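Student: Provided herewith: entry_7.txt, compact mmCIF, C-alpha atoms.
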```
# COMPACT_ATOMS: atom_id res chain seq x y z
CA MET A 1 -24.42 -4.29 4.47
CA ARG A 2 -21.75 -2.34 6.35
CA TRP A 3 -19.03 -3.35 3.88
CA THR A 4 -21.22 -2.21 0.97
CA ALA A 5 -21.65 1.17 2.64
CA THR A 6 -17.89 1.43 3.11
CA ILE A 7 -17.25 0.78 -0.57
CA ALA A 8 -20.07 3.13 -1.62
CA LEU A 9 -18.60 5.84 0.60
CA PHE A 10 -15.20 5.30 -1.06
CA ASP A 11 -16.80 5.67 -4.49
CA GLY A 12 -18.69 8.81 -3.53
CA VAL A 13 -15.74 10.49 -1.82
CA VAL A 14 -13.18 9.74 -4.54
CA ILE A 15 -15.44 10.64 -7.45
CA GLY A 16 -16.77 13.72 -5.60
CA ALA A 17 -13.27 14.92 -4.72
CA SER A 18 -12.16 14.39 -8.31
CA LEU A 19 -15.13 16.40 -9.58
CA ALA A 20 -14.32 19.19 -7.13
CA ILE A 21 -10.66 19.24 -8.19
CA LEU A 22 -11.71 19.40 -11.84
CA GLN A 23 -14.14 22.21 -10.90
CA VAL A 24 -17.16 20.40 -12.31
CA PRO A 25 -20.33 22.22 -11.25
CA LEU A 26 -22.58 20.36 -8.80
CA ALA A 27 -19.71 18.18 -7.55
CA LEU A 28 -21.25 17.65 -4.11
CA PRO A 29 -24.73 16.67 -5.37
CA LEU A 30 -23.14 14.36 -7.94
CA ALA A 31 -21.07 12.71 -5.21
CA ALA A 32 -24.27 12.34 -3.20
CA ILE A 33 -25.83 10.58 -6.20
CA VAL A 34 -22.82 8.29 -6.67
CA PHE A 35 -23.07 7.08 -3.05
CA PRO A 36 -26.55 5.45 -3.25
CA THR A 37 -26.05 4.21 -6.81
CA ALA A 38 -22.89 2.42 -5.66
CA PHE A 39 -25.13 0.03 -3.70
CA ILE A 40 -26.24 -1.48 -7.03
CA PRO A 41 -23.81 -4.35 -7.68
CA LEU A 42 -21.35 -4.03 -10.57
CA ILE A 43 -22.99 -1.12 -12.39
CA GLY A 44 -24.05 1.31 -9.67
CA ALA A 45 -20.98 3.53 -9.41
CA THR A 46 -20.70 3.50 -13.20
CA ILE A 47 -24.23 4.89 -13.51
CA GLY A 48 -23.40 7.70 -11.09
CA GLY A 49 -20.10 8.33 -12.85
CA ILE A 50 -21.75 8.54 -16.27
CA LEU A 51 -24.12 11.14 -14.87
CA ALA A 52 -21.11 13.10 -13.56
CA ALA A 53 -19.39 12.87 -16.96
CA LEU A 54 -22.55 14.13 -18.68
CA VAL A 55 -22.73 17.12 -16.33
CA ALA A 56 -19.05 17.83 -17.00
CA LEU A 57 -19.74 17.63 -20.74
CA VAL A 58 -22.56 20.19 -20.59
CA PHE A 59 -20.67 22.93 -18.74
CA ASN A 60 -17.69 25.04 -19.91
CA GLY A 61 -16.65 25.49 -23.53
CA PRO A 62 -16.94 22.66 -26.04
CA ILE A 63 -13.27 21.59 -26.06
CA VAL A 64 -12.67 22.08 -22.35
CA ALA A 65 -15.91 20.29 -21.50
CA LEU A 66 -14.98 17.31 -23.67
CA ILE A 67 -11.56 17.02 -22.05
CA VAL A 68 -13.00 17.31 -18.52
CA ALA A 69 -15.73 14.76 -19.34
CA LEU A 70 -13.12 12.31 -20.64
CA ILE A 71 -11.02 12.79 -17.48
CA VAL A 72 -14.14 12.21 -15.33
CA ALA A 73 -14.92 9.05 -17.31
CA LEU A 74 -11.33 7.85 -16.82
CA ILE A 75 -11.57 8.52 -13.07
CA VAL A 76 -14.83 6.56 -12.90
CA VAL A 77 -13.21 3.61 -14.69
CA VAL A 78 -10.20 3.69 -12.34
CA VAL A 79 -12.45 3.87 -9.25
CA ASN A 80 -14.54 0.96 -10.53
CA GLN A 81 -11.42 -1.12 -11.16
CA LEU A 82 -10.08 -0.36 -7.67
CA GLU A 83 -13.45 -1.22 -6.17
CA GLY A 84 -13.97 -4.47 -8.05
CA ASP A 85 -10.43 -5.81 -7.99
CA LEU A 86 -9.14 -4.59 -4.64
CA LEU A 87 -11.72 -3.17 -2.23
CA ASN A 88 -14.59 -5.61 -2.72
CA PRO A 89 -12.51 -8.75 -2.15
CA ILE A 90 -10.61 -7.32 0.82
CA VAL A 91 -13.59 -5.79 2.63
CA MET A 92 -15.89 -8.73 1.93
CA ALA A 93 -13.20 -11.19 2.98
CA GLY A 94 -12.88 -9.45 6.31
CA ALA A 95 -16.63 -9.38 6.81
CA LEU A 96 -17.16 -13.03 5.82
CA LYS A 97 -13.87 -14.40 7.14
CA LEU A 98 -12.89 -15.75 3.75
CA HIS A 99 -9.67 -15.25 1.80
CA PRO A 100 -9.86 -12.34 -0.69
CA LEU A 101 -8.86 -14.66 -3.53
CA VAL A 102 -11.87 -16.88 -2.78
CA ILE A 103 -14.13 -13.81 -3.02
CA LEU A 104 -12.52 -12.74 -6.30
CA VAL A 105 -12.86 -16.22 -7.82
CA ALA A 106 -16.48 -16.47 -6.62
CA LEU A 107 -17.34 -13.09 -8.13
CA THR A 108 -15.66 -14.01 -11.40
CA ALA A 109 -17.32 -17.42 -11.62
CA GLY A 110 -20.70 -16.00 -10.65
CA THR A 111 -20.46 -13.27 -13.27
CA VAL A 112 -19.39 -15.67 -16.02
CA LEU A 113 -22.02 -18.28 -15.17
CA GLY A 114 -24.96 -16.10 -14.20
CA GLY A 115 -24.34 -12.51 -15.24
CA ILE A 116 -25.33 -9.83 -12.72
CA ALA A 117 -27.59 -12.21 -10.79
CA GLY A 118 -24.72 -14.71 -10.54
CA ALA A 119 -22.36 -12.01 -9.27
CA VAL A 120 -24.87 -10.95 -6.63
CA LEU A 121 -25.47 -14.52 -5.44
CA ALA A 122 -21.94 -15.94 -5.76
CA VAL A 123 -20.35 -14.58 -2.57
CA PRO A 124 -23.28 -15.38 -0.25
CA LEU A 125 -23.42 -18.92 -1.64
CA VAL A 126 -19.69 -19.41 -1.09
CA ALA A 127 -19.97 -18.00 2.44
CA VAL A 128 -22.81 -20.41 3.27
CA ALA A 129 -20.91 -23.32 1.77
CA TRP A 130 -17.81 -22.41 3.79
CA SER A 131 -19.88 -22.18 6.98
CA ILE A 132 -21.33 -25.63 6.31
CA VAL A 133 -17.83 -27.06 5.80
CA ARG A 134 -16.59 -25.44 9.03
CA VAL A 135 -19.51 -26.80 11.05
CA ARG A 136 -19.08 -30.25 9.52
CA ASP A 137 -15.34 -30.35 10.28
CA HIS A 138 -15.52 -28.85 13.79
CA PRO A 139 -19.09 -29.07 15.05
CA ALA A 140 -18.38 -28.43 18.73
CA THR A 141 -16.02 -25.49 18.30
CA VAL A 142 -17.85 -23.63 15.55
CA ALA A 143 -21.49 -24.20 16.36
CA LEU A 144 -21.32 -23.82 20.12
CA SER A 145 -18.47 -21.38 20.60
CA PRO A 146 -19.48 -18.48 22.85
CA PRO A 147 -19.09 -14.91 21.67
CA PRO A 148 -15.73 -13.33 22.47
CA ARG A 149 -15.48 -11.83 25.95
CA ARG A 150 -14.87 -8.12 25.95
CA PHE A 151 -13.02 -6.44 28.76
CA PHE A 152 -13.90 -2.94 29.84
CA PRO A 153 -12.83 -1.00 32.92
CA GLY A 154 -15.28 -1.55 35.73
CA LYS A 155 -16.35 -4.96 34.49
CA PRO A 156 -15.39 -8.21 36.21
CA GLY A 157 -12.16 -9.63 34.85
CA ALA A 158 -10.92 -6.29 33.53
CA GLY A 159 -9.00 -5.24 36.61
CA GLY A 160 -11.74 -2.83 37.68
CA ARG A 161 -14.46 -3.48 40.22
CA SER A 162 -17.98 -4.18 39.07
CA ALA A 163 -21.01 -2.60 40.72
CA THR A 164 -21.79 -5.91 42.42
CA ALA A 165 -18.29 -6.17 43.88
CA ARG A 166 -18.45 -2.57 45.18
CA VAL A 167 -21.81 -3.20 46.85
CA GLN A 168 -20.59 -6.42 48.48
CA ARG A 169 -17.41 -4.80 49.80
CA ASP A 170 -18.88 -1.46 50.78
CA GLY A 171 -22.24 -2.76 51.84
```
In structure tokens, how does this file's structure come out?

Tutor:
Amino acid sequence: MRWTATIALFDGVVIGASLAILQVPLALPLAAIVFPTAFIPLIGATIGGILAALVALVFNGPIVALIVALIVALIVVVVNQLEGDLLNPIVMAGALKLHPLVILVALTAGTVLGGIAGAVLAVPLVAVAWSIVRVRDHPATVALSPPPRRFFPGKPGAGGRSATARVQRDG
């Protein structure tokens, strides 16, 4: 869920900043609408962007409004392409510990085979399948590996003294 919020934040900030640069009225509220709609897979940011283009079309004079609305629509298309082809695979790959190309192929195959539902289910299914393969190949190291040890000052093993060590020495 954190990676989805990161991508939604990217969509909201870029589209909102673009609206502000183009001096579209209500740029901040429109950016705030783009953020939650970006949580809807594949079409969410487009829905928010269409709303922004419609607001840009309503304000200003007829010719200026049409030009600004077309620029907003172009920005929305560019942001959606960046999100789908670059950000989604990279961020999801980091979160799921899969290669970005695997994510991209899974999304493509899921979309072709199952439409929006296939796109939503493709990456989780591939992540589960990869986890099963990892456990099957290395059952002792994957299934029973302890969480990574974190070192902080004042904790044992970090060079600092823990509370227990201070009490024993001082006590």

Student: Record the distance separating atom CA of Leu22 of chain A and atom CA of Ala8 of chain A, expressed in Å with one decimal.

Tutor: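 That distance, rounded to one decimal, is 21.0 Å.
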
Student: Taking only C-alpha atoms into account, which of A:Val120, A:Ile132, A:Leu9, A:Leu82 comes nearest Phe35 of chain A?

Tutor: A:Leu9

Student: Quick check, in Å to one decimal: how far apart do atom CA of Pro124 of chain A and atom CA of Leu96 of chain A lie?

Tutor: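 Interatomic distance, atom CA of Pro124 of chain A to atom CA of Leu96 of chain A: 8.9 Å.
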
Student: May I have the residues within 12 Å of segment 109-112 of chain A as a PyMOL selection string, using all atoms listed in the file and disregarding those fewer than 3 positions away in the same chain?

Tutor: chain A and resi 41-42+102-106+115-126

Student: Given the choices A:Pro25, A:Ala73, A:Lys97, A:Val79, which gets closest to Phe10 of chain A if the distance is worked out from all atoms listed in the file?

Tutor: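 Residue with the minimum atom-to-atom distance to Phe10 of chain A: A:Val79.
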
Student: What does the structure give for the distance between atom CA of Pro36 of chain A and atom CA of Asn80 of chain A, in Å to one decimal?

Tutor: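 Computing the Euclidean distance for atom CA of Pro36 of chain A and atom CA of Asn80 of chain A yields 14.7 Å.
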